[in-house]
Amino acid sequence: MQELKKNLLFSEKEIRERVKELAKEISEHYKDDKPVVCVCVLRGAVMFFTDLMKEVKSDAVVYDFVTLSSYENAMVEGTMSTTGKIKLIQDLRENVEGKHVLVVEDIVDSGYTVDYLRRYFSSKNALDVHIACLLDKPMSRKVDAHADYVAFTLERPAFIVGYGLDYDQKYRNLNGIYEVVND
């Protein structure tokens, strides 16, 4: 197998510092005594979720996980192509009714996933639904969707790996965030 060519965009140190800043913002937001169901969108967000949750200062935090599918296994113009249809593969175990929901996502690009999750948890009578994402790619939006807490914003289209983000299930274990470089 040929080595993937990649350029470092965000170092482990930069990620660690930004995660701490986001966690402080999130901790300040959830000041009431209502439970906060922190939802990790598997698999890409797991590293970000773990590091973020270690830094969130709240006794009201509960963890849960969802698995969704929206991507085809084809790289088109440096990005994974999306079907636009979200399939819930693994739902929460936690009841979100009357609770805050914080969705932790790896990347917001088309917006389909976060739009779906906001509507889904709202339909379950969540008190509110906020989104925290590692990477925001606003130039890739297909629907009107946004994250409330953003670690990094990409200024141009790029295919990204590392820190949980993968290419064909590989490269998730890289400590930094890298752009894949095409020859």
# chains A, B, ... in the order shown; residues from 1 in each chain; ligands from 1

call {"tool": "select_by_dssp", "arguments": {"residues": "chain A", "states": "helix (DSSP H, G or I)", "output": "number ranges by chain"}}
result
A: 12-29, 46-55, 112-123, 138-140

call {"tool": "residues_around", "arguments": {"residues": "region 22-39 of chain A", "least_positions_apart": "5", "cutoff": "6 Å", "atoms": "only C-alpha atoms", "output": "list in words"}}
result
Leu52, Glu55, Val56, Lys57, Ala60, Val61, Val62, Tyr63, Asp64, Phe65, Lys99, His100, Val101, Leu102, Val103 and Val104 of chain A

call {"tool": "write_last_selection", "arguments": {"atoms": "N, CA and C atoms", "output": "PDB file, in the first residue's frame"}}
result
ATOM      1  N   LEU A  52     -12.580  16.497  24.715  1.00  0.00           N
ATOM      2  CA  LEU A  52     -13.482  17.580  25.103  1.00  0.00           C
ATOM      3  C   LEU A  52     -14.175  17.275  26.426  1.00  0.00           C
ATOM      4  N   GLU A  55     -12.423  17.884  29.665  1.00  0.00           N
ATOM      5  CA  GLU A  55     -12.241  19.292  30.022  1.00  0.00           C
ATOM      6  C   GLU A  55     -13.538  20.002  30.410  1.00  0.00           C
ATOM      7  N   VAL A  56     -14.694  19.438  30.085  1.00  0.00           N
ATOM      8  CA  VAL A  56     -15.968  20.072  30.435  1.00  0.00           C
ATOM      9  C   VAL A  56     -16.187  19.926  31.940  1.00  0.00           C
ATOM     10  N   LYS A  57     -16.428  21.042  32.595  1.00  0.00           N
ATOM     11  CA  LYS A  57     -16.595  21.067  34.056  1.00  0.00           C
ATOM     12  C   LYS A  57     -18.068  21.164  34.413  1.00  0.00           C
ATOM     13  N   ALA A  60     -23.399  17.584  35.683  1.00  0.00           N
ATOM     14  CA  ALA A  60     -24.668  17.197  35.058  1.00  0.00           C
ATOM     15  C   ALA A  60     -24.475  16.462  33.725  1.00  0.00           C
ATOM     16  N   VAL A  61     -23.220  16.214  33.344  1.00  0.00           N
ATOM     17  CA  VAL A  61     -22.918  15.612  32.043  1.00  0.00           C
ATOM     18  C   VAL A  61     -23.147  14.105  32.050  1.00  0.00           C
ATOM     19  N   VAL A  62     -23.842  13.641  31.002  1.00  0.00           N
ATOM     20  CA  VAL A  62     -24.082  12.222  30.761  1.00  0.00           C
ATOM     21  C   VAL A  62     -23.592  11.941  29.337  1.00  0.00           C
ATOM     22  N   TYR A  63     -22.915  10.830  29.133  1.00  0.00           N
ATOM     23  CA  TYR A  63     -22.404  10.490  27.797  1.00  0.00           C
ATOM     24  C   TYR A  63     -23.314   9.498  27.110  1.00  0.00           C
ATOM     25  N   ASP A  64     -23.430   9.651  25.792  1.00  0.00           N
ATOM     26  CA  ASP A  64     -24.119   8.656  24.980  1.00  0.00           C
ATOM     27  C   ASP A  64     -23.555   8.741  23.566  1.00  0.00           C
ATOM     28  N   PHE A  65     -23.968   7.808  22.725  1.00  0.00           N
ATOM     29  CA  PHE A  65     -23.367   7.665  21.407  1.00  0.00           C
ATOM     30  C   PHE A  65     -24.423   7.355  20.357  1.00  0.00           C
ATOM     31  N   LYS A  99     -33.957  17.533  28.760  1.00  0.00           N
ATOM     32  CA  LYS A  99     -32.515  17.647  29.032  1.00  0.00           C
ATOM     33  C   LYS A  99     -31.843  18.431  27.913  1.00  0.00           C
ATOM     34  N   HIS A 100     -30.726  19.039  28.257  1.00  0.00           N
ATOM     35  CA  HIS A 100     -29.885  19.658  27.234  1.00  0.00           C
ATOM     36  C   HIS A 100     -29.235  18.544  26.425  1.00  0.00           C
ATOM     37  N   VAL A 101     -29.038  18.789  25.134  1.00  0.00           N
ATOM     38  CA  VAL A 101     -28.292  17.849  24.294  1.00  0.00           C
ATOM     39  C   VAL A 101     -27.147  18.607  23.634  1.00  0.00           C
ATOM     40  N   LEU A 102     -25.956  18.070  23.796  1.00  0.00           N
ATOM     41  CA  LEU A 102     -24.770  18.594  23.126  1.00  0.00           C
ATOM     42  C   LEU A 102     -24.265  17.502  22.197  1.00  0.00           C
ATOM     43  N   VAL A 103     -24.404  17.727  20.906  1.00  0.00           N
ATOM     44  CA  VAL A 103     -23.921  16.775  19.901  1.00  0.00           C
ATOM     45  C   VAL A 103     -22.470  17.132  19.594  1.00  0.00           C
ATOM     46  N   VAL A 104     -21.600  16.138  19.676  1.00  0.00           N
ATOM     47  CA  VAL A 104     -20.187  16.341  19.366  1.00  0.00           C
ATOM     48  C   VAL A 104     -19.889  15.609  18.065  1.00  0.00           C
TER      49      VAL A 104
END

call {"tool": "residues_around", "arguments": {"residues": "region 83-87 of chain A", "least_positions_apart": "4", "cutoff": "9 Å", "atoms": "only C-alpha atoms", "output": "list in words"}}
result
Thr67, Leu68, Ser69, Ser70, Tyr71, Glu72, Ser110, Tyr112, Thr113, Tyr116 and Lys142 of chain A

call {"tool": "write_last_selection", "arguments": {"atoms": "N, CA and C atoms", "output": "PDB file, in the first residue's frame"}}
result
ATOM      1  N   THR A  67     -24.623   6.326  16.000  1.00  0.00           N
ATOM      2  CA  THR A  67     -23.919   6.016  14.762  1.00  0.00           C
ATOM      3  C   THR A  67     -24.871   6.313  13.620  1.00  0.00           C
ATOM      4  N   LEU A  68     -24.392   7.103  12.686  1.00  0.00           N
ATOM      5  CA  LEU A  68     -25.174   7.493  11.524  1.00  0.00           C
ATOM      6  C   LEU A  68     -24.402   7.128  10.271  1.00  0.00           C
ATOM      7  N   SER A  69     -25.113   7.090   9.176  1.00  0.00           N
ATOM      8  CA  SER A  69     -24.462   6.859   7.898  1.00  0.00           C
ATOM      9  C   SER A  69     -25.020   7.850   6.895  1.00  0.00           C
ATOM     10  N   SER A  70     -24.102   8.509   6.176  1.00  0.00           N
ATOM     11  CA  SER A  70     -24.541   9.393   5.101  1.00  0.00           C
ATOM     12  C   SER A  70     -23.538   9.426   3.968  1.00  0.00           C
ATOM     13  N   TYR A  71     -22.405   8.823   4.138  1.00  0.00           N
ATOM     14  CA  TYR A  71     -21.349   8.920   3.148  1.00  0.00           C
ATOM     15  C   TYR A  71     -21.203   7.660   2.323  1.00  0.00           C
ATOM     16  N   GLU A  72     -20.954   7.849   1.033  1.00  0.00           N
ATOM     17  CA  GLU A  72     -20.603   6.751   0.155  1.00  0.00           C
ATOM     18  C   GLU A  72     -19.084   6.596   0.233  1.00  0.00           C
ATOM     19  N   SER A 110     -21.528  19.212   4.617  1.00  0.00           N
ATOM     20  CA  SER A 110     -22.793  19.415   3.907  1.00  0.00           C
ATOM     21  C   SER A 110     -23.864  19.993   4.835  1.00  0.00           C
ATOM     22  N   TYR A 112     -26.009  18.090   6.458  1.00  0.00           N
ATOM     23  CA  TYR A 112     -27.104  17.120   6.555  1.00  0.00           C
ATOM     24  C   TYR A 112     -27.165  16.442   7.927  1.00  0.00           C
ATOM     25  N   THR A 113     -26.012  16.025   8.430  1.00  0.00           N
ATOM     26  CA  THR A 113     -25.995  15.282   9.694  1.00  0.00           C
ATOM     27  C   THR A 113     -26.447  16.144  10.867  1.00  0.00           C
ATOM     28  N   TYR A 116     -30.123  16.952  10.644  1.00  0.00           N
ATOM     29  CA  TYR A 116     -30.896  15.767  11.036  1.00  0.00           C
ATOM     30  C   TYR A 116     -30.905  15.600  12.556  1.00  0.00           C
ATOM     31  N   LYS A 142     -24.808  22.188   2.094  1.00  0.00           N
ATOM     32  CA  LYS A 142     -25.914  21.877   1.179  1.00  0.00           C
ATOM     33  C   LYS A 142     -27.245  22.296   1.807  1.00  0.00           C
TER      34      LYS A 142
END

call {"tool": "closest_residue", "arguments": {"among": "A:Val161, A:Phe121, A:Ser58, A:Glu14", "to": "Asn173 (chain A)", "atoms": "only C-alpha atoms"}}
result
A:Val161

call {"tool": "residues_around", "arguments": {"residues": "Asn7 (chain A)", "least_positions_apart": "6", "cutoff": "8 Å", "atoms": "only C-alpha atoms", "output": "number ranges by chain"}}
result
A: 178-181

call {"tool": "atom_distance", "arguments": {"atom1": "CA of Phe152 (chain A)", "atom2": "CA of Cys133 (chain A)"}}
result
8.2 Å

call {"tool": "residues_around", "arguments": {"residues": "Asp106 (chain A)", "least_positions_apart": "5", "cutoff": "10 Å", "atoms": "only C-alpha atoms", "output": "list in words"}}
result
Cys40, Val41, Leu42, Arg43, Gly44, Ala45, Val46, Met47, Phe48, Phe49, Ala132, Cys133, Leu134, Leu135, Asp136, Val150, Ala151, Tyr163, Gly164 and Leu165 of chain A

call {"tool": "atom_distance", "arguments": {"atom1": "CA of Gly176 (chain A)", "atom2": "CA of Leu9 (chain A)"}}
result
7.6 Å

call {"tool": "residues_around", "arguments": {"residues": "Asp109 (chain A)", "least_positions_apart": "5", "cutoff": "10 Å", "atoms": "only C-alpha atoms", "output": "PyMOL selection string"}}
result
chain A and resi 79+82+114+135-143+145-146+154+157

call {"tool": "write_last_selection", "arguments": {"atoms": "N, CA and C atoms", "output": "PDB file, in the first residue's frame"}}
result
ATOM      1  N   THR A  79     -13.103  15.235  -1.531  1.00  0.00           N
ATOM      2  CA  THR A  79     -14.020  15.061  -0.407  1.00  0.00           C
ATOM      3  C   THR A  79     -14.812  13.772  -0.608  1.00  0.00           C
ATOM      4  N   THR A  82     -21.584  12.606  -0.475  1.00  0.00           N
ATOM      5  CA  THR A  82     -22.661  12.307   0.454  1.00  0.00           C
ATOM      6  C   THR A  82     -23.961  12.063  -0.296  1.00  0.00           C
ATOM      7  N   VAL A 114     -25.876  17.343  11.009  1.00  0.00           N
ATOM      8  CA  VAL A 114     -26.258  18.178  12.155  1.00  0.00           C
ATOM      9  C   VAL A 114     -27.691  18.672  12.034  1.00  0.00           C
ATOM     10  N   LEU A 135     -14.184  20.386  13.141  1.00  0.00           N
ATOM     11  CA  LEU A 135     -13.906  21.134  11.914  1.00  0.00           C
ATOM     12  C   LEU A 135     -15.200  21.597  11.262  1.00  0.00           C
ATOM     13  N   ASP A 136     -15.201  22.829  10.814  1.00  0.00           N
ATOM     14  CA  ASP A 136     -16.335  23.372  10.076  1.00  0.00           C
ATOM     15  C   ASP A 136     -15.861  23.667   8.654  1.00  0.00           C
ATOM     16  N   LYS A 137     -16.642  23.198   7.678  1.00  0.00           N
ATOM     17  CA  LYS A 137     -16.344  23.449   6.258  1.00  0.00           C
ATOM     18  C   LYS A 137     -17.534  24.184   5.645  1.00  0.00           C
ATOM     19  N   PRO A 138     -17.684  25.475   5.930  1.00  0.00           N
ATOM     20  CA  PRO A 138     -18.870  26.204   5.475  1.00  0.00           C
ATOM     21  C   PRO A 138     -19.031  26.246   3.956  1.00  0.00           C
ATOM     22  N   MET A 139     -17.943  26.148   3.218  1.00  0.00           N
ATOM     23  CA  MET A 139     -18.048  26.209   1.755  1.00  0.00           C
ATOM     24  C   MET A 139     -18.712  24.963   1.170  1.00  0.00           C
ATOM     25  N   SER A 140     -18.887  23.922   1.987  1.00  0.00           N
ATOM     26  CA  SER A 140     -19.480  22.664   1.520  1.00  0.00           C
ATOM     27  C   SER A 140     -20.955  22.511   1.882  1.00  0.00           C
ATOM     28  N   ARG A 141     -21.567  23.519   2.496  1.00  0.00           N
ATOM     29  CA  ARG A 141     -22.949  23.416   2.959  1.00  0.00           C
ATOM     30  C   ARG A 141     -23.924  23.141   1.836  1.00  0.00           C
ATOM     31  N   LYS A 142     -24.808  22.188   2.094  1.00  0.00           N
ATOM     32  CA  LYS A 142     -25.914  21.877   1.179  1.00  0.00           C
ATOM     33  C   LYS A 142     -27.245  22.296   1.807  1.00  0.00           C
ATOM     34  N   VAL A 143     -27.275  22.418   3.149  1.00  0.00           N
ATOM     35  CA  VAL A 143     -28.457  22.855   3.878  1.00  0.00           C
ATOM     36  C   VAL A 143     -28.039  23.921   4.880  1.00  0.00           C
ATOM     37  N   ALA A 145     -27.281  24.858   8.060  1.00  0.00           N
ATOM     38  CA  ALA A 145     -26.930  24.223   9.330  1.00  0.00           C
ATOM     39  C   ALA A 145     -25.648  24.865   9.853  1.00  0.00           C
ATOM     40  N   HIS A 146     -25.514  24.865  11.164  1.00  0.00           N
ATOM     41  CA  HIS A 146     -24.322  25.458  11.762  1.00  0.00           C
ATOM     42  C   HIS A 146     -23.984  24.731  13.058  1.00  0.00           C
ATOM     43  N   LEU A 154     -12.215  25.421   8.246  1.00  0.00           N
ATOM     44  CA  LEU A 154     -11.406  25.277   7.036  1.00  0.00           C
ATOM     45  C   LEU A 154     -11.823  26.372   6.059  1.00  0.00           C
ATOM     46  N   PRO A 157     -11.854  24.033   0.390  1.00  0.00           N
ATOM     47  CA  PRO A 157     -12.150  22.594   0.346  1.00  0.00           C
ATOM     48  C   PRO A 157     -10.884  21.766   0.542  1.00  0.00           C
TER      49      PRO A 157
END
